[in-house]
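Engineer: Input work-v1.txt, format and content: compact mmCIF, C-alpha atoms and all ligand atoms.
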```txt
# COMPACT_ATOMS: atom_id res chain seq x y z
CA MET O 108 -158.60 -52.42 103.11
CA ILE O 109 -159.06 -54.05 106.49
CA LEU O 110 -161.79 -56.64 106.36
CA SER O 111 -164.08 -56.37 109.34
CA LEU O 112 -164.05 -59.82 110.78
CA PRO O 113 -167.17 -60.09 112.93
CA VAL O 114 -166.69 -63.06 115.24
CA PHE O 115 -169.68 -65.37 115.24
CA SER O 116 -170.19 -67.46 118.37
CA GLY O 117 -168.10 -70.50 117.97
CA GLY O 118 -166.29 -69.32 114.89
CA CYS O 119 -164.51 -66.46 113.19
CA ALA O 120 -165.65 -65.03 109.87
CA ASP O 121 -164.00 -63.93 106.72
CA ARG O 122 -165.82 -62.86 103.54
CA THR O 123 -165.89 -64.27 100.01
CA ASP O 124 -165.48 -61.83 97.13
CA SER O 125 -169.30 -61.54 97.04
CA GLY O 126 -169.22 -60.47 100.67
CA THR O 127 -170.91 -63.68 101.88
CA PRO O 128 -169.50 -64.44 105.30
CA VAL O 129 -167.53 -67.67 105.46
CA VAL O 130 -167.45 -69.08 108.97
CA PHE O 131 -164.38 -71.12 109.87
CA GLU O 132 -165.37 -73.45 112.65
CA GLU O 133 -163.14 -72.74 115.62
CA GLU O 134 -161.43 -75.82 116.98
CA THR O 135 -163.59 -77.30 119.73
CA GLU O 136 -161.90 -77.78 123.07
CA SER O 137 -161.55 -81.50 122.41
CA GLU O 138 -160.12 -80.96 118.89
CA LYS O 139 -157.51 -78.57 120.31
CA GLU O 140 -156.19 -81.23 122.68
CA GLN O 141 -156.64 -84.27 120.41
CA ILE O 142 -153.50 -86.23 119.61
CA THR O 143 -153.39 -87.29 115.97
CA ILE O 144 -152.09 -90.80 115.33
CA GLY O 145 -151.14 -92.30 111.99
CA PHE O 146 -151.33 -96.11 112.30
CA SER O 147 -149.92 -98.31 109.52
CA GLN O 148 -151.12 -101.88 110.14
CA LEU O 149 -149.34 -104.50 108.04
CA GLY O 150 -152.33 -106.40 106.77
CA ALA O 151 -155.41 -108.52 107.56
CA GLU O 152 -153.85 -111.94 106.99
CA SER O 153 -154.91 -113.69 110.17
CA ASP O 154 -157.24 -113.83 113.15
CA TRP O 155 -154.38 -112.46 115.22
CA ARG O 156 -154.07 -109.44 112.96
CA SER O 157 -157.79 -108.72 113.16
CA ALA O 158 -157.68 -108.89 116.96
CA ASN O 159 -154.63 -106.64 117.01
CA THR O 160 -156.29 -104.09 114.71
CA ASP O 161 -159.44 -104.12 116.87
CA SER O 162 -157.34 -103.50 119.98
CA MET O 163 -155.56 -100.56 118.39
CA LEU O 164 -158.63 -98.93 116.81
CA SER O 165 -160.62 -99.18 120.05
CA SER O 166 -157.79 -97.63 122.06
CA PHE O 167 -157.29 -94.46 120.03
CA THR O 168 -160.76 -92.97 119.88
CA ASP O 169 -162.11 -89.46 120.28
CA GLU O 170 -163.24 -90.25 123.81
CA TYR O 171 -159.63 -90.97 124.78
CA GLY O 172 -158.56 -87.72 123.10
CA TYR O 173 -157.18 -89.18 119.88
CA SER O 174 -157.80 -88.74 116.20
CA LEU O 175 -156.68 -91.92 114.42
CA ILE O 176 -155.75 -92.27 110.76
CA TYR O 177 -155.72 -96.04 110.06
CA GLU O 178 -154.15 -97.59 106.99
CA ASN O 179 -153.84 -101.28 106.04
CA GLY O 180 -150.65 -102.14 104.14
CA GLN O 181 -152.02 -105.42 102.69
CA GLN O 182 -148.75 -107.15 103.67
CA LYS O 183 -146.78 -104.93 101.27
CA GLN O 184 -143.92 -102.85 102.63
CA SER O 185 -144.17 -100.42 99.72
CA TYR O 186 -147.76 -99.62 100.72
CA GLN O 187 -146.72 -99.07 104.33
CA ILE O 188 -143.89 -96.73 103.35
CA THR O 189 -146.34 -94.69 101.24
CA GLU O 190 -148.69 -94.58 104.23
CA LEU O 191 -145.94 -93.33 106.53
CA ARG O 192 -145.02 -90.58 104.06
CA SER O 193 -148.67 -89.54 103.99
CA PHE O 194 -148.72 -89.37 107.80
CA ILE O 195 -145.61 -87.17 107.69
CA GLN O 196 -147.28 -84.89 105.14
CA GLN O 197 -150.33 -84.67 107.40
CA GLU O 198 -148.04 -83.76 110.31
CA VAL O 199 -149.50 -86.33 112.67
CA ASP O 200 -148.35 -86.24 116.28
CA TYR O 201 -147.28 -89.91 116.38
CA ILE O 202 -146.74 -92.68 113.87
CA LEU O 203 -147.59 -96.25 114.92
CA LEU O 204 -146.02 -98.86 112.65
CA ALA O 205 -146.65 -102.62 112.59
CA PRO O 206 -143.92 -103.49 110.06
CA VAL O 207 -144.56 -106.46 107.76
CA THR O 208 -140.87 -107.42 107.69
CA GLU O 209 -137.75 -106.14 109.42
CA SER O 210 -135.58 -104.70 106.64
CA GLY O 211 -135.96 -101.60 104.44
CA TRP O 212 -137.34 -98.98 106.86
CA ASP O 213 -134.32 -96.71 107.45
CA GLY O 214 -135.22 -94.14 104.79
CA VAL O 215 -138.80 -93.45 105.79
CA LEU O 216 -137.94 -93.56 109.49
CA GLU O 217 -135.26 -90.92 108.86
CA GLU O 218 -137.89 -88.80 107.10
CA ALA O 219 -140.15 -89.10 110.15
CA ALA O 220 -137.23 -88.14 112.40
CA GLU O 221 -136.50 -85.09 110.22
CA ALA O 222 -140.15 -84.14 110.58
CA GLU O 223 -139.78 -84.65 114.35
CA ILE O 224 -142.64 -87.15 114.42
CA PRO O 225 -142.04 -89.91 117.00
CA VAL O 226 -142.51 -93.48 115.73
CA ILE O 227 -143.71 -96.32 117.94
CA LEU O 228 -143.28 -99.87 116.60
CA VAL O 229 -145.88 -102.50 117.44
CA ASP O 230 -145.76 -106.28 117.06
CA ARG O 231 -142.83 -106.94 114.72
CA ARG O 232 -139.52 -105.10 114.76
CA VAL O 233 -137.38 -103.27 112.22
CA ASP O 234 -133.71 -103.72 111.38
CA ALA O 235 -132.90 -100.00 111.71
CA ASP O 236 -131.01 -97.71 114.06
CA LYS O 237 -132.81 -97.72 117.41
CA SER O 238 -132.67 -93.91 117.53
CA LEU O 239 -135.17 -93.85 114.67
CA TYR O 240 -138.06 -95.02 116.84
CA SER O 241 -139.20 -94.09 120.34
CA CYS O 242 -140.01 -97.62 121.50
CA TRP O 243 -141.45 -101.02 120.51
CA LEU O 244 -144.16 -103.20 122.05
CA GLY O 245 -144.82 -106.84 121.26
CA SER O 246 -143.94 -110.45 121.96
CA ASP O 247 -140.75 -112.38 122.62
CA PHE O 248 -141.25 -114.72 119.68
CA GLU O 249 -138.27 -116.94 120.43
CA LEU O 250 -139.48 -117.43 124.00
CA GLU O 251 -142.91 -118.39 122.64
CA SER O 252 -141.15 -121.02 120.53
CA ARG O 253 -138.95 -122.31 123.34
CA LYS O 254 -141.98 -122.80 125.59
CA LEU O 255 -143.86 -124.64 122.84
CA CYS O 256 -140.87 -126.85 122.00
CA GLU O 257 -140.47 -127.75 125.67
CA TRP O 258 -144.15 -128.73 125.66
CA VAL O 259 -143.62 -130.95 122.56
CA ASP O 260 -140.58 -132.60 124.18
CA ALA O 261 -142.39 -133.29 127.47
CA TYR O 262 -145.60 -134.47 125.79
CA THR O 263 -144.00 -136.86 123.30
CA ARG O 264 -141.80 -138.37 125.99
CA ALA O 265 -144.91 -138.79 128.18
CA ARG O 266 -146.43 -140.72 125.26
CA GLY O 267 -143.43 -143.07 125.23
CA MET O 268 -141.63 -141.60 122.23
CA GLU O 269 -137.96 -140.88 121.80
CA PRO O 270 -136.83 -137.50 120.37
CA SER O 271 -135.43 -139.29 117.34
CA ASP O 272 -138.96 -140.60 116.61
CA LEU O 273 -140.21 -137.07 115.82
CA ASN O 274 -140.51 -136.31 112.09
CA ILE O 275 -141.52 -132.66 111.83
CA ILE O 276 -143.00 -130.48 109.09
CA HIS O 277 -142.25 -126.81 109.76
CA ILE O 278 -144.71 -124.31 108.23
CA GLN O 279 -143.10 -120.89 108.62
CA GLY O 280 -144.71 -117.46 108.77
CA THR O 281 -144.02 -114.46 106.54
CA MET O 282 -140.32 -114.78 105.76
CA GLY O 283 -138.23 -111.97 107.25
CA SER O 284 -140.83 -111.01 109.83
CA THR O 285 -139.76 -110.91 113.46
CA ALA O 286 -142.39 -113.49 114.41
CA GLN O 287 -141.18 -115.93 111.76
CA MET O 288 -137.52 -115.45 112.59
CA GLY O 289 -138.04 -115.94 116.34
CA ARG O 290 -140.31 -118.95 115.97
CA SER O 291 -138.06 -120.57 113.36
CA ARG O 292 -134.94 -119.96 115.45
CA GLY O 293 -136.59 -121.53 118.49
CA LEU O 294 -137.49 -124.68 116.57
CA ALA O 295 -134.07 -124.93 114.91
CA ASN O 296 -132.37 -124.80 118.30
CA ALA O 297 -134.74 -127.41 119.76
CA VAL O 298 -134.19 -129.75 116.79
CA ARG O 299 -130.44 -129.51 117.32
CA GLU O 300 -130.52 -129.81 121.12
CA LYS O 301 -133.11 -132.59 121.31
CA GLY O 302 -132.30 -134.67 118.23
CA TRP O 303 -135.62 -134.21 116.40
CA ASN O 304 -135.94 -134.62 112.60
CA ILE O 305 -137.14 -131.88 110.25
CA LEU O 306 -138.62 -133.48 107.09
CA GLY O 307 -139.59 -130.21 105.44
CA GLN O 308 -139.74 -126.44 105.99
CA MET O 309 -141.64 -123.88 103.92
CA SER O 310 -143.43 -120.57 104.43
CA GLY O 311 -147.21 -120.54 104.81
CA ASP O 312 -147.17 -116.70 105.07
CA PHE O 313 -149.37 -116.89 108.19
CA THR O 314 -152.41 -117.78 106.07
CA GLU O 315 -154.82 -120.74 106.08
CA THR O 316 -154.67 -121.17 102.31
CA LYS O 317 -150.92 -121.44 102.12
CA GLY O 318 -150.80 -123.58 105.24
CA ARG O 319 -153.10 -126.04 103.48
CA GLU O 320 -151.08 -125.92 100.24
CA VAL O 321 -147.76 -126.53 102.01
CA MET O 322 -149.13 -129.40 104.09
CA THR O 323 -150.79 -131.02 101.06
CA ALA O 324 -147.48 -131.01 99.22
CA TYR O 325 -145.57 -132.54 102.12
CA LEU O 326 -148.20 -135.26 102.72
CA LYS O 327 -147.62 -136.37 99.14
CA ARG O 328 -143.87 -136.63 99.77
CA PHE O 329 -143.71 -138.17 103.24
CA ASP O 330 -145.72 -140.95 104.93
CA ASN O 331 -143.91 -140.68 108.28
CA ILE O 332 -144.90 -137.16 109.34
CA ASN O 333 -145.95 -137.15 113.01
CA VAL O 334 -145.54 -133.49 114.08
CA VAL O 335 -146.52 -130.25 112.32
CA TYR O 336 -145.12 -127.00 113.79
CA CYS O 337 -147.18 -124.10 112.41
CA GLU O 338 -146.08 -120.52 113.04
CA ASN O 339 -149.67 -119.37 113.49
CA ASP O 340 -153.17 -120.80 113.99
CA ASN O 341 -154.44 -119.94 110.51
CA GLU O 342 -151.68 -122.08 109.00
CA ALA O 343 -152.59 -124.85 111.48
CA ILE O 344 -156.23 -124.81 110.36
CA GLY O 345 -155.11 -125.14 106.75
CA ALA O 346 -152.69 -127.93 107.65
CA ILE O 347 -155.42 -129.85 109.52
CA GLN O 348 -157.69 -129.60 106.46
CA ALA O 349 -154.89 -131.08 104.34
CA ILE O 350 -154.17 -133.83 106.90
CA GLU O 351 -157.81 -134.90 107.01
CA SER O 352 -158.16 -134.70 103.22
CA ALA O 353 -155.21 -137.11 102.98
CA GLY O 354 -156.95 -139.59 105.28
CA ARG O 355 -154.65 -138.94 108.23
CA THR O 356 -155.69 -137.72 111.69
CA ALA O 357 -154.62 -134.50 113.43
CA GLY O 358 -154.80 -135.44 117.10
CA PRO O 359 -153.06 -136.18 120.41
CA ASP O 360 -152.35 -139.89 119.87
CA ILE O 361 -149.00 -139.44 118.17
CA ASP O 362 -147.89 -142.84 119.49
CA LYS O 363 -150.82 -144.41 117.62
CA GLY O 364 -150.36 -142.70 114.26
CA ASP O 365 -151.94 -139.26 114.82
CA ILE O 366 -150.17 -136.15 113.55
CA LEU O 367 -149.48 -133.77 116.47
CA VAL O 368 -150.19 -130.18 115.35
CA VAL O 369 -148.80 -127.29 117.42
CA SER O 370 -149.19 -123.58 116.72
CA PHE O 371 -149.04 -119.93 117.87
CA ASP O 372 -151.58 -117.17 118.63
CA GLY O 373 -154.70 -118.58 120.40
CA VAL O 374 -156.77 -115.40 119.96
CA THR O 375 -160.25 -116.69 119.03
CA GLU O 376 -162.81 -118.96 120.68
CA ASP O 377 -162.98 -120.97 117.44
CA ILE O 378 -159.27 -121.72 117.55
CA LEU O 379 -159.37 -122.58 121.25
CA SER O 380 -162.23 -125.01 120.56
CA VAL O 381 -160.07 -126.72 117.90
CA ALA O 382 -157.39 -127.01 120.57
CA ALA O 383 -159.96 -128.31 123.07
CA SER O 384 -160.68 -131.14 120.61
CA GLY O 385 -156.97 -132.04 120.51
CA LYS O 386 -156.68 -131.35 116.78
CA ILE O 387 -154.25 -128.59 117.75
CA ALA O 388 -152.33 -130.18 120.62
CA ALA O 389 -150.85 -127.00 122.08
CA ILE O 390 -150.81 -123.27 121.26
CA ALA O 391 -148.20 -120.75 122.36
CA GLU O 392 -150.27 -117.62 123.00
CA CYS O 393 -149.35 -114.51 121.05
CA ASN O 394 -151.10 -111.64 122.79
CA PRO O 395 -152.62 -109.17 120.28
CA GLN O 396 -154.01 -106.73 122.87
CA HIS O 397 -151.46 -103.98 122.23
CA GLY O 398 -153.80 -100.96 122.11
CA PRO O 399 -154.09 -99.98 125.78
CA LYS O 400 -150.36 -100.53 126.35
CA VAL O 401 -149.39 -98.38 123.37
CA ARG O 402 -151.75 -95.67 124.57
CA ALA O 403 -150.07 -95.76 127.98
CA LEU O 404 -146.67 -95.37 126.30
CA ILE O 405 -147.91 -92.31 124.39
CA GLU O 406 -149.40 -90.82 127.55
CA ALA O 407 -146.05 -91.27 129.28
CA LEU O 408 -144.22 -89.63 126.38
CA GLU O 409 -146.74 -86.79 126.37
CA ALA O 410 -146.03 -86.33 130.09
CA GLY O 411 -142.33 -86.04 129.34
CA GLU O 412 -141.54 -89.37 131.00
CA SER O 413 -138.95 -91.79 129.66
CA VAL O 414 -140.23 -95.18 128.51
CA GLU O 415 -138.58 -98.57 128.03
CA LYS O 416 -137.26 -99.03 124.51
CA PHE O 417 -138.59 -102.61 124.32
CA ASN O 418 -141.88 -103.50 126.00
CA TYR O 419 -143.21 -107.07 126.17
CA VAL O 420 -146.72 -108.47 126.58
CA ASP O 421 -147.44 -111.47 128.83
CA GLU O 422 -148.26 -114.77 127.15
CA ARG O 423 -149.37 -118.30 128.09
CA ILE O 424 -149.36 -121.83 126.67
CA PHE O 425 -152.77 -123.43 125.96
CA SER O 426 -153.50 -127.17 125.79
CA ALA O 427 -156.38 -129.57 126.51
CA LEU O 428 -153.97 -132.47 127.00
CA PRO O 429 -153.28 -133.33 130.67
CA GLU O 430 -149.88 -134.96 130.34
CA VAL O 431 -147.93 -131.70 130.63
CA THR O 432 -148.83 -129.18 133.36
CA GLU O 433 -145.88 -126.79 133.07
CA VAL O 434 -142.70 -126.11 131.12
CA THR O 435 -139.47 -124.48 132.24
CA VAL O 436 -137.36 -122.13 130.12
CA ASP O 437 -134.21 -120.49 131.50
CA GLY O 438 -135.27 -121.50 135.02
CA VAL O 439 -138.67 -119.82 134.71
CA VAL O 440 -141.68 -122.11 135.17
CA TYR O 441 -144.62 -121.50 132.82
CA PRO O 442 -147.84 -123.28 133.82
CA ILE O 443 -149.91 -124.74 130.99
CA GLU O 444 -153.37 -123.14 130.74
CA ARG O 445 -155.77 -126.12 130.44
CA ILE O 446 -158.59 -125.57 127.96
CA GLU O 447 -161.67 -127.78 127.72
C1 LIG T 1 -147.15 -112.05 115.82
C2 LIG T 1 -147.72 -111.57 114.52
C3 LIG T 1 -148.03 -112.73 113.64
C4 LIG T 1 -149.09 -113.67 114.23
C5 LIG T 1 -149.75 -114.10 112.99
O1 LIG T 1 -147.01 -111.00 116.70
O2 LIG T 1 -146.79 -110.73 113.86
O3 LIG T 1 -148.54 -112.23 112.42
O4 LIG T 1 -148.58 -114.72 114.99
C6 LIG T 1 -149.86 -112.78 112.27
O5 LIG T 1 -150.99 -114.71 113.17
O6 LIG T 1 -150.22 -112.96 110.96
```
Show me this structure written as structure tokens.
Structural biologist:
Amino acid sequence: MILSLPVFSGGCADRTDSGTPVVFEEETESEKEQITIGFSQLGAESDWRSANTDSMLSSFTDEYGYSLIYENGQQKQSYQITELRSFIQQEVDYILLAPVTESGWDGVLEEAAEAEIPVILVDRRVDADKSLYSCWLGSDFELESRKLCEWVDAYTRARGMEPSDLNIIHIQGTMGSTAQMGRSRGLANAVREKGWNILGQMSGDFTETKGREVMTAYLKRFDNINVVYCENDNEAIGAIQAIESAGRTAGPDIDKGDILVVSFDGVTEDILSVAASGKIAAIAECNPQHGPKVRALIEALEAGESVEKFNYVDERIFSALPEVTEVTVDGVVYPIERIE
């Protein structure tokens, strides 16, 4: 029996067993052209992450022609892998992945490749065959570190200190993440090249709570700490709380007993006001505004254009302290952005 399928305006009809017409909404023009994105964000651990999520969510909206499926991996790789498998099952057009750490992605990326779903990495990188992802966009974390270490060297010398006078506590980010590895490598090289001292090194997992815990522990062990190198601002805020609770001062007068706190990110007005007070002496910017740039990459791919495999965002150095106006890394001069 051939069912008569009267076409209603805007839809086509079938019939239930009782003969009641069931109208399947026809795809609207916009739905037809919409690009479906599955975005696995690694977590919500920091102000930077929130700013990055906001940038991504506001860039892939209906008005731009996108349908976004957003998932938060709560800083657990197993959650993110499950999310990616769900995106593959839903046959999304693109997968965006902000990977929590670098290792362990080959399997699920191969599954996406088998499903012919392009993957774009944002922020941190993965330790997997480059053919398994279309491209990556984010920061040069080691360059961020080198710029900040040059600032520390210039500033402490301007305050009459010798490199060997610096006794540093290093609060690392999430171990195994690209940001942590680049920022730790930059400091390790500076310590070796300049003759600084590292008193202690431990992960603060990019969070305020753990930054405070780590700094509290080290303040109990050492009375000669004069520099704290935090791998993000949230750790720095926690470290400053611990410093002040211990009766010490986080500030610019390192030659008079202050503890010089330096950090990464610089994404909120609140953090920049802490830097304006001198409690954070300098911040290497980590630019979270990835959304529009990732959208441009997808538009290029959609247009059949080739794109760079690795795409970098521009970043500055912030400080309220006047002694250093620029730093030079590999012959490139980076002006310091004065904040007040
Ligand atoms: C850097 C990003 C880091 C930030 C932290 O691109 O991966 O993770 O610096 C965030 O604030 O938690």
Engineer: What is the atom CA of Asn296 of chain O-atom CA of Ser271 of chain O distance in Å, reported with one decimal?
Structural biologist: 14.8 Å
Engineer: List as number ranges by chain the protein and nucleic acid residues lying within 6 Å of ligand LIG 1 (chain T), with all atoms listed in the file counted.
Structural biologist: O: 152-153, 155-156, 230-231, 286, 313, 339, 371-372
Engineer: Calculated over all atoms listed in the file, which of the candidates O:Glu342, O:Glu447, O:Glu315, O:Glu251 has the smallest distance to Ala383 of chain O?
Structural biologist: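 Comparing O:Glu342, O:Glu447, O:Glu315, O:Glu251 against Ala383 of chain O, the winner is O:Glu447.
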Engineer: If we count only C-alpha atoms, what is near Val298 of chain O at a cut-off of 9 Å, once residues fewer than 6 positions away on the same chain are taken out, given as a PyMOL selection string?
Structural biologist: chain O and resi 256+270+304-305
Engineer: Can you tell me, as JSON, numbers by chain, what residues are no more than 10 Å from segment 328-330 of chain O when counting all atoms listed in the file, ignoring any on the same chain fewer than 4 positions away?
Structural biologist: {"O": [274, 276, 306, 307, 322, 323, 324, 355]}
Engineer: Which residues are close to segment 421-432 of chain O, i.e. within 7 Å by all atoms listed in the file, leaving aside same-chain residues fewer than 3 positions away? Reply as JSON, numbers by chain.
Structural biologist: {"O": [258, 261, 262, 265, 382, 383, 385, 388, 389, 390, 391, 392, 393, 394, 442, 443, 444, 445, 446, 447]}
Engineer: Would you be able to write out as a list of chain:residue names which residues have an atom within 9 Å of (-147.0, -137.1, 111.6) in the file's coordinates, counting only C-alpha atoms?
Structural biologist: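 With a cut-off of 9 Å, the residues come to O:Leu273, O:Asn274, O:Ile275, O:Ile276, O:Asp330, O:Asn331, O:Ile332, O:Asn333, O:Val334, O:Val335, O:Arg355, O:Thr356, O:Ala357, O:Ile361, O:Gly364, O:Asp365, O:Ile366, O:Leu367, O:Val368.
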Engineer: Go through O:Glu209, O:Glu406, O:Asp360, O:Glu338 and flag the residue nearest Phe167 of chain O, using only C-alpha atoms for the distances.
Structural biologist: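 Smallest distance to Phe167 of chain O is found for O:Glu406.
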Engineer: If we count all atoms listed in the file, what is near Ile142 of chain O at a cut-off of 9 Å, once residues fewer than 5 positions away on the same chain are taken out, given as a ChimeraX atom specification?
Structural biologist: /O:172-175,199-201
Engineer: Please, what distance in Å, to one decimal, runs between atom CA of Glu190 of chain O and atom CA of Pro399 of chain O?
Structural biologist: 22.9 Å
Engineer: Around segment 203-215 of chain O, with edges along x, y and z and 4 Å added on all six sides, what centre and edge lengths do you get, in Å to one decimal, as lines of an AutoDock Vina configuration file?
Structural biologist:
```
center_x = -141.0
center_y = -100.4
center_z = 109.7
size_x = 21.3
size_y = 22.0
size_z = 18.5
```
Engineer: Grab the atom CA of Leu149 of chain O to atom CA of His277 of chain O distance for me, in Å with one decimal place.
Structural biologist: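 Atom-to-atom, atom CA of Leu149 of chain O and atom CA of His277 of chain O are spaced 23.5 Å apart.
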Engineer: I'd like the neighbourhood of Met163 of chain O as a compact mmCIF listing (two decimals) with C-alpha atoms, in the coordinates of the input, where a residue qualifies if any of its atoms comes within 8 Å (using only C-alpha atoms), though same-chain residues fewer than 2 positions away should be ignored.
Structural biologist:
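Written output follows (out-v8.txt):
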```
# COMPACT_ATOMS: atom_id res chain seq x y z
CA ASN O 159 -154.63 -106.64 117.01
CA THR O 160 -156.29 -104.09 114.71
CA ASP O 161 -159.44 -104.12 116.87
CA SER O 165 -160.62 -99.18 120.05
CA SER O 166 -157.79 -97.63 122.06
CA PHE O 167 -157.29 -94.46 120.03
CA GLN O 396 -154.01 -106.73 122.87
CA HIS O 397 -151.46 -103.98 122.23
CA GLY O 398 -153.80 -100.96 122.11
CA PRO O 399 -154.09 -99.98 125.78
```
Engineer: Taking all atoms listed in the file into account, name the residue in O:Gln308, O:Lys363, O:Ile378, O:Ile224 that is nearest to Asp340 of chain O.
Structural biologist: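 When distances to Asp340 of chain O are compared using all atoms listed in the file, the smallest one comes from O:Ile378.
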Engineer: Using all atoms listed in the file, find the one residue out of O:Glu198, O:Glu415, O:Arg264, O:Gly145 that sits nearest to Asn179 of chain O.
Structural biologist: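 The closest residue to Asn179 of chain O is O:Gly145.
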